[in-house]
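Taking it in order: structure first as structure tokens, then the write-up.
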Amino acid sequence: MKRKSHGANKRQQALRVWSYAEAQAARPYLTSVVGSLREHALEALTQRRRLEQFAARPGRPDRHTLIAQQEAERLGREAGARFEEAAEELQTLDVFSLDPLQGQALVPFVHDDQLAWYVFDLFDAQPFRFWRFQSDPEDTRRPVGTLPKDTASPA
């Protein structure tokens, strides 16, 4: 009699792959969510730096400083929670943040039977200007115009 392997029962979740047309259609929504992700990351970073400045002050903190520290901690936690919510919202779409401070995210697609990514750039006039394979170094950028028309059709 064989025993069931609990590890074999693990679910495998398939990654949703996007067409170029679908990515373009989702552009306004992605712009909003990636923009929110960036804002929340910046706010959390700002509060973390405020806390570091308070900690670097010499001497014992006064009442005003202690209140300001607590406020910075609270604001940092809230910004972190909002950041996580926005990141989860992207992940439900199978879109992944590459660099939240730069406003970059990765949208999966398949090219030549390989996993590839459209690189979404919040600050580019054409947010889907570049792509890269999963196996490429992170800083690799290939122009979307190099893809066959059935994979991507940049207008």
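Letters A, B, ... mark the chains of the structure tokens in the order given; residue numbers begin at 1 per chain; ligand numbers begin at 1, in order shown.
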
I'd like to know which residues of segment 19-130 of chain A are alpha helix (DSSP H) (by DSSP, run on the backbone); could you write them as a PDB file with N, CA and C atoms, in the first residue's frame?
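Contents of result39.pdb, freshly written:
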```
ATOM      1  N   TYR A  20       0.023  41.512 -26.573  1.00  0.00           N
ATOM      2  CA  TYR A  20       0.377  42.928 -26.591  1.00  0.00           C
ATOM      3  C   TYR A  20      -0.892  43.790 -26.552  1.00  0.00           C
ATOM      4  N   ALA A  21      -1.931  43.357 -27.276  1.00  0.00           N
ATOM      5  CA  ALA A  21      -3.188  44.105 -27.296  1.00  0.00           C
ATOM      6  C   ALA A  21      -3.825  44.159 -25.905  1.00  0.00           C
ATOM      7  N   GLU A  22      -3.780  43.041 -25.175  1.00  0.00           N
ATOM      8  CA  GLU A  22      -4.322  43.022 -23.814  1.00  0.00           C
ATOM      9  C   GLU A  22      -3.526  43.947 -22.894  1.00  0.00           C
ATOM     10  N   ALA A  23      -2.221  43.924 -23.031  1.00  0.00           N
ATOM     11  CA  ALA A  23      -1.374  44.796 -22.209  1.00  0.00           C
ATOM     12  C   ALA A  23      -1.680  46.262 -22.502  1.00  0.00           C
ATOM     13  N   GLN A  24      -1.825  46.584 -23.764  1.00  0.00           N
ATOM     14  CA  GLN A  24      -2.147  47.970 -24.136  1.00  0.00           C
ATOM     15  C   GLN A  24      -3.520  48.379 -23.598  1.00  0.00           C
ATOM     16  N   ALA A  25      -4.477  47.467 -23.667  1.00  0.00           N
ATOM     17  CA  ALA A  25      -5.820  47.770 -23.171  1.00  0.00           C
ATOM     18  C   ALA A  25      -5.817  47.990 -21.658  1.00  0.00           C
ATOM     19  N   ARG A  27      -3.383  49.298 -19.994  1.00  0.00           N
ATOM     20  CA  ARG A  27      -2.434  50.370 -19.687  1.00  0.00           C
ATOM     21  C   ARG A  27      -2.959  51.411 -18.698  1.00  0.00           C
ATOM     22  N   PRO A  28      -4.176  51.938 -18.864  1.00  0.00           N
ATOM     23  CA  PRO A  28      -4.659  52.928 -17.884  1.00  0.00           C
ATOM     24  C   PRO A  28      -4.742  52.360 -16.466  1.00  0.00           C
ATOM     25  N   TYR A  29      -5.209  51.126 -16.350  1.00  0.00           N
ATOM     26  CA  TYR A  29      -5.317  50.496 -15.036  1.00  0.00           C
ATOM     27  C   TYR A  29      -3.932  50.246 -14.447  1.00  0.00           C
ATOM     28  N   LEU A  30      -3.016  49.723 -15.258  1.00  0.00           N
ATOM     29  CA  LEU A  30      -1.648  49.481 -14.786  1.00  0.00           C
ATOM     30  C   LEU A  30      -0.967  50.784 -14.390  1.00  0.00           C
ATOM     31  N   THR A  31      -1.221  51.838 -15.142  1.00  0.00           N
ATOM     32  CA  THR A  31      -0.658  53.149 -14.804  1.00  0.00           C
ATOM     33  C   THR A  31      -1.122  53.579 -13.420  1.00  0.00           C
ATOM     34  N   SER A  32      -2.386  53.379 -13.140  1.00  0.00           N
ATOM     35  CA  SER A  32      -2.942  53.754 -11.847  1.00  0.00           C
ATOM     36  C   SER A  32      -2.334  52.922 -10.713  1.00  0.00           C
ATOM     37  N   VAL A  33      -2.295  51.614 -10.880  1.00  0.00           N
ATOM     38  CA  VAL A  33      -1.823  50.746  -9.799  1.00  0.00           C
ATOM     39  C   VAL A  33      -0.314  50.898  -9.592  1.00  0.00           C
ATOM     40  N   VAL A  34       0.459  50.939 -10.682  1.00  0.00           N
ATOM     41  CA  VAL A  34       1.912  51.103 -10.551  1.00  0.00           C
ATOM     42  C   VAL A  34       2.223  52.484  -9.969  1.00  0.00           C
ATOM     43  N   GLY A  35       1.447  53.495 -10.336  1.00  0.00           N
ATOM     44  CA  GLY A  35       1.618  54.829  -9.758  1.00  0.00           C
ATOM     45  C   GLY A  35       1.349  54.830  -8.258  1.00  0.00           C
ATOM     46  N   SER A  36       0.289  54.139  -7.846  1.00  0.00           N
ATOM     47  CA  SER A  36      -0.020  54.022  -6.416  1.00  0.00           C
ATOM     48  C   SER A  36       1.079  53.268  -5.684  1.00  0.00           C
ATOM     49  N   LEU A  37       1.560  52.203  -6.289  1.00  0.00           N
ATOM     50  CA  LEU A  37       2.645  51.424  -5.688  1.00  0.00           C
ATOM     51  C   LEU A  37       3.862  52.309  -5.456  1.00  0.00           C
ATOM     52  N   ARG A  38       4.184  53.123  -6.440  1.00  0.00           N
ATOM     53  CA  ARG A  38       5.330  54.028  -6.325  1.00  0.00           C
ATOM     54  C   ARG A  38       5.116  55.055  -5.211  1.00  0.00           C
ATOM     55  N   GLU A  39       3.944  55.666  -5.174  1.00  0.00           N
ATOM     56  CA  GLU A  39       3.649  56.666  -4.141  1.00  0.00           C
ATOM     57  C   GLU A  39       3.761  56.074  -2.740  1.00  0.00           C
ATOM     58  N   HIS A  40       3.231  54.876  -2.558  1.00  0.00           N
ATOM     59  CA  HIS A  40       3.277  54.243  -1.240  1.00  0.00           C
ATOM     60  C   HIS A  40       4.707  53.863  -0.862  1.00  0.00           C
ATOM     61  N   ALA A  41       5.495  53.411  -1.841  1.00  0.00           N
ATOM     62  CA  ALA A  41       6.898  53.084  -1.571  1.00  0.00           C
ATOM     63  C   ALA A  41       7.664  54.344  -1.178  1.00  0.00           C
ATOM     64  N   LEU A  42       7.406  55.446  -1.867  1.00  0.00           N
ATOM     65  CA  LEU A  42       8.077  56.700  -1.533  1.00  0.00           C
ATOM     66  C   LEU A  42       7.691  57.193  -0.145  1.00  0.00           C
ATOM     67  N   GLU A  43       6.419  57.071   0.198  1.00  0.00           N
ATOM     68  CA  GLU A  43       5.959  57.498   1.520  1.00  0.00           C
ATOM     69  C   GLU A  43       6.599  56.645   2.617  1.00  0.00           C
ATOM     70  N   ALA A  44       6.648  55.340   2.409  1.00  0.00           N
ATOM     71  CA  ALA A  44       7.272  54.463   3.408  1.00  0.00           C
ATOM     72  C   ALA A  44       8.758  54.793   3.548  1.00  0.00           C
ATOM     73  N   LEU A  45       9.420  55.062   2.448  1.00  0.00           N
ATOM     74  CA  LEU A  45      10.837  55.421   2.474  1.00  0.00           C
ATOM     75  C   LEU A  45      11.058  56.755   3.193  1.00  0.00           C
ATOM     76  N   THR A  46      10.188  57.714   2.949  1.00  0.00           N
ATOM     77  CA  THR A  46      10.274  59.017   3.613  1.00  0.00           C
ATOM     78  C   THR A  46      10.156  58.861   5.125  1.00  0.00           C
ATOM     79  N   GLN A  47       9.193  58.063   5.561  1.00  0.00           N
ATOM     80  CA  GLN A  47       8.994  57.878   7.006  1.00  0.00           C
ATOM     81  C   GLN A  47      10.157  57.111   7.628  1.00  0.00           C
ATOM     82  N   ARG A  48      10.700  56.146   6.895  1.00  0.00           N
ATOM     83  CA  ARG A  48      11.865  55.410   7.394  1.00  0.00           C
ATOM     84  C   ARG A  48      13.055  56.353   7.579  1.00  0.00           C
ATOM     85  N   ARG A  49      13.239  57.262   6.646  1.00  0.00           N
ATOM     86  CA  ARG A  49      14.343  58.227   6.753  1.00  0.00           C
ATOM     87  C   ARG A  49      14.112  59.201   7.903  1.00  0.00           C
ATOM     88  N   ARG A  50      12.851  59.595   8.106  1.00  0.00           N
ATOM     89  CA  ARG A  50      12.551  60.461   9.264  1.00  0.00           C
ATOM     90  C   ARG A  50      12.923  59.766  10.560  1.00  0.00           C
ATOM     91  N   LEU A  51      12.579  58.489  10.650  1.00  0.00           N
ATOM     92  CA  LEU A  51      12.912  57.725  11.866  1.00  0.00           C
ATOM     93  C   LEU A  51      14.424  57.620  12.055  1.00  0.00           C
ATOM     94  N   GLU A  52      15.153  57.431  10.974  1.00  0.00           N
ATOM     95  CA  GLU A  52      16.618  57.375  11.062  1.00  0.00           C
ATOM     96  C   GLU A  52      17.185  58.712  11.543  1.00  0.00           C
ATOM     97  N   GLN A  53      16.594  59.806  11.075  1.00  0.00           N
ATOM     98  CA  GLN A  53      17.050  61.131  11.518  1.00  0.00           C
ATOM     99  C   GLN A  53      16.786  61.334  13.000  1.00  0.00           C
ATOM    100  N   PHE A  54      15.618  60.892  13.463  1.00  0.00           N
ATOM    101  CA  PHE A  54      15.319  61.006  14.891  1.00  0.00           C
ATOM    102  C   PHE A  54      16.317  60.183  15.705  1.00  0.00           C
ATOM    103  N   ALA A  55      16.612  58.986  15.236  1.00  0.00           N
ATOM    104  CA  ALA A  55      17.533  58.103  15.966  1.00  0.00           C
ATOM    105  C   ALA A  55      18.955  58.660  15.982  1.00  0.00           C
ATOM    106  N   ALA A  56      19.315  59.413  14.965  1.00  0.00           N
ATOM    107  CA  ALA A  56      20.681  59.940  14.869  1.00  0.00           C
ATOM    108  C   ALA A  56      20.888  61.192  15.725  1.00  0.00           C
ATOM    109  N   ARG A  63       9.517  65.400  24.473  1.00  0.00           N
ATOM    110  CA  ARG A  63       8.140  64.961  24.240  1.00  0.00           C
ATOM    111  C   ARG A  63       7.739  65.166  22.787  1.00  0.00           C
ATOM    112  N   HIS A  64       8.055  66.324  22.225  1.00  0.00           N
ATOM    113  CA  HIS A  64       7.708  66.641  20.833  1.00  0.00           C
ATOM    114  C   HIS A  64       8.352  65.628  19.871  1.00  0.00           C
ATOM    115  N   THR A  65       9.589  65.296  20.119  1.00  0.00           N
ATOM    116  CA  THR A  65      10.314  64.345  19.265  1.00  0.00           C
ATOM    117  C   THR A  65       9.715  62.948  19.377  1.00  0.00           C
ATOM    118  N   LEU A  66       9.362  62.535  20.598  1.00  0.00           N
ATOM    119  CA  LEU A  66       8.758  61.214  20.781  1.00  0.00           C
ATOM    120  C   LEU A  66       7.423  61.099  20.041  1.00  0.00           C
ATOM    121  N   ILE A  67       6.631  62.167  20.091  1.00  0.00           N
ATOM    122  CA  ILE A  67       5.351  62.173  19.373  1.00  0.00           C
ATOM    123  C   ILE A  67       5.590  62.114  17.873  1.00  0.00           C
ATOM    124  N   ALA A  68       6.562  62.886  17.383  1.00  0.00           N
ATOM    125  CA  ALA A  68       6.889  62.880  15.959  1.00  0.00           C
ATOM    126  C   ALA A  68       7.402  61.506  15.511  1.00  0.00           C
ATOM    127  N   GLN A  69       8.177  60.834  16.354  1.00  0.00           N
ATOM    128  CA  GLN A  69       8.659  59.489  16.036  1.00  0.00           C
ATOM    129  C   GLN A  69       7.491  58.510  15.913  1.00  0.00           C
ATOM    130  N   GLN A  70       6.576  58.572  16.872  1.00  0.00           N
ATOM    131  CA  GLN A  70       5.424  57.679  16.830  1.00  0.00           C
ATOM    132  C   GLN A  70       4.575  57.934  15.584  1.00  0.00           C
ATOM    133  N   GLU A  71       4.427  59.200  15.232  1.00  0.00           N
ATOM    134  CA  GLU A  71       3.657  59.553  14.043  1.00  0.00           C
ATOM    135  C   GLU A  71       4.349  59.015  12.786  1.00  0.00           C
ATOM    136  N   ALA A  72       5.673  59.142  12.710  1.00  0.00           N
ATOM    137  CA  ALA A  72       6.428  58.631  11.564  1.00  0.00           C
ATOM    138  C   ALA A  72       6.312  57.107  11.478  1.00  0.00           C
ATOM    139  N   GLU A  73       6.364  56.435  12.620  1.00  0.00           N
ATOM    140  CA  GLU A  73       6.195  54.980  12.635  1.00  0.00           C
ATOM    141  C   GLU A  73       4.820  54.584  12.125  1.00  0.00           C
ATOM    142  N   ARG A  74       3.788  55.291  12.597  1.00  0.00           N
ATOM    143  CA  ARG A  74       2.412  54.988  12.177  1.00  0.00           C
ATOM    144  C   ARG A  74       2.247  55.224  10.684  1.00  0.00           C
ATOM    145  N   LEU A  75       2.721  56.379  10.194  1.00  0.00           N
ATOM    146  CA  LEU A  75       2.595  56.691   8.776  1.00  0.00           C
ATOM    147  C   LEU A  75       3.374  55.698   7.916  1.00  0.00           C
ATOM    148  N   GLY A  76       4.532  55.272   8.392  1.00  0.00           N
ATOM    149  CA  GLY A  76       5.330  54.287   7.668  1.00  0.00           C
ATOM    150  C   GLY A  76       4.630  52.939   7.576  1.00  0.00           C
ATOM    151  N   ARG A  77       4.025  52.507   8.693  1.00  0.00           N
ATOM    152  CA  ARG A  77       3.271  51.241   8.686  1.00  0.00           C
ATOM    153  C   ARG A  77       2.089  51.311   7.728  1.00  0.00           C
ATOM    154  N   GLU A  78       1.368  52.444   7.764  1.00  0.00           N
ATOM    155  CA  GLU A  78       0.212  52.601   6.874  1.00  0.00           C
ATOM    156  C   GLU A  78       0.641  52.601   5.413  1.00  0.00           C
ATOM    157  N   ALA A  79       1.720  53.312   5.104  1.00  0.00           N
ATOM    158  CA  ALA A  79       2.223  53.341   3.726  1.00  0.00           C
ATOM    159  C   ALA A  79       2.669  51.946   3.298  1.00  0.00           C
ATOM    160  N   GLY A  80       3.310  51.211   4.204  1.00  0.00           N
ATOM    161  CA  GLY A  80       3.726  49.842   3.897  1.00  0.00           C
ATOM    162  C   GLY A  80       2.537  48.935   3.620  1.00  0.00           C
ATOM    163  N   ALA A  81       1.478  49.097   4.394  1.00  0.00           N
ATOM    164  CA  ALA A  81       0.272  48.291   4.185  1.00  0.00           C
ATOM    165  C   ALA A  81      -0.379  48.622   2.843  1.00  0.00           C
ATOM    166  N   ARG A  82      -0.446  49.917   2.509  1.00  0.00           N
ATOM    167  CA  ARG A  82      -1.012  50.319   1.215  1.00  0.00           C
ATOM    168  C   ARG A  82      -0.135  49.816   0.061  1.00  0.00           C
ATOM    169  N   PHE A  83       1.185  49.819   0.263  1.00  0.00           N
ATOM    170  CA  PHE A  83       2.106  49.289  -0.738  1.00  0.00           C
ATOM    171  C   PHE A  83       1.814  47.810  -0.978  1.00  0.00           C
ATOM    172  N   GLU A  84       1.657  47.052   0.099  1.00  0.00           N
ATOM    173  CA  GLU A  84       1.368  45.618  -0.024  1.00  0.00           C
ATOM    174  C   GLU A  84       0.046  45.377  -0.744  1.00  0.00           C
ATOM    175  N   GLU A  85      -0.964  46.192  -0.447  1.00  0.00           N
ATOM    176  CA  GLU A  85      -2.253  46.055  -1.128  1.00  0.00           C
ATOM    177  C   GLU A  85      -2.113  46.278  -2.626  1.00  0.00           C
ATOM    178  N   ALA A  86      -1.371  47.320  -3.015  1.00  0.00           N
ATOM    179  CA  ALA A  86      -1.171  47.603  -4.435  1.00  0.00           C
ATOM    180  C   ALA A  86      -0.357  46.490  -5.095  1.00  0.00           C
ATOM    181  N   ALA A  87       0.652  45.970  -4.412  1.00  0.00           N
ATOM    182  CA  ALA A  87       1.461  44.875  -4.959  1.00  0.00           C
ATOM    183  C   ALA A  87       0.603  43.623  -5.155  1.00  0.00           C
ATOM    184  N   GLU A  88      -0.284  43.348  -4.197  1.00  0.00           N
ATOM    185  CA  GLU A  88      -1.183  42.199  -4.328  1.00  0.00           C
ATOM    186  C   GLU A  88      -2.155  42.389  -5.492  1.00  0.00           C
ATOM    187  N   GLU A  89      -2.598  43.612  -5.696  1.00  0.00           N
ATOM    188  CA  GLU A  89      -3.493  43.901  -6.809  1.00  0.00           C
ATOM    189  C   GLU A  89      -2.799  43.597  -8.140  1.00  0.00           C
ATOM    190  N   LEU A  90      -1.524  43.977  -8.248  1.00  0.00           N
ATOM    191  CA  LEU A  90      -0.761  43.647  -9.452  1.00  0.00           C
ATOM    192  C   LEU A  90      -0.598  42.139  -9.590  1.00  0.00           C
ATOM    193  N   GLN A  91      -0.306  41.468  -8.489  1.00  0.00           N
ATOM    194  CA  GLN A  91      -0.075  40.025  -8.544  1.00  0.00           C
ATOM    195  C   GLN A  91      -1.329  39.254  -8.933  1.00  0.00           C
ATOM    196  N   THR A  92      -2.507  39.763  -8.604  1.00  0.00           N
ATOM    197  CA  THR A  92      -3.732  39.084  -9.035  1.00  0.00           C
ATOM    198  C   THR A  92      -3.843  39.093 -10.558  1.00  0.00           C
TER     199      THR A  92
END
```

Task: Sel. of strand (DSSP E) residues, chain A, as a count of residues only - done: 26

- [ ] For segment 121-123 of chain A, please output as a ChimeraX atom specification all residues within 7 Å (counting only C-alpha atoms; exclusion window: fewer than 6 positions along the same chain).
- [x] /A:31,103-105
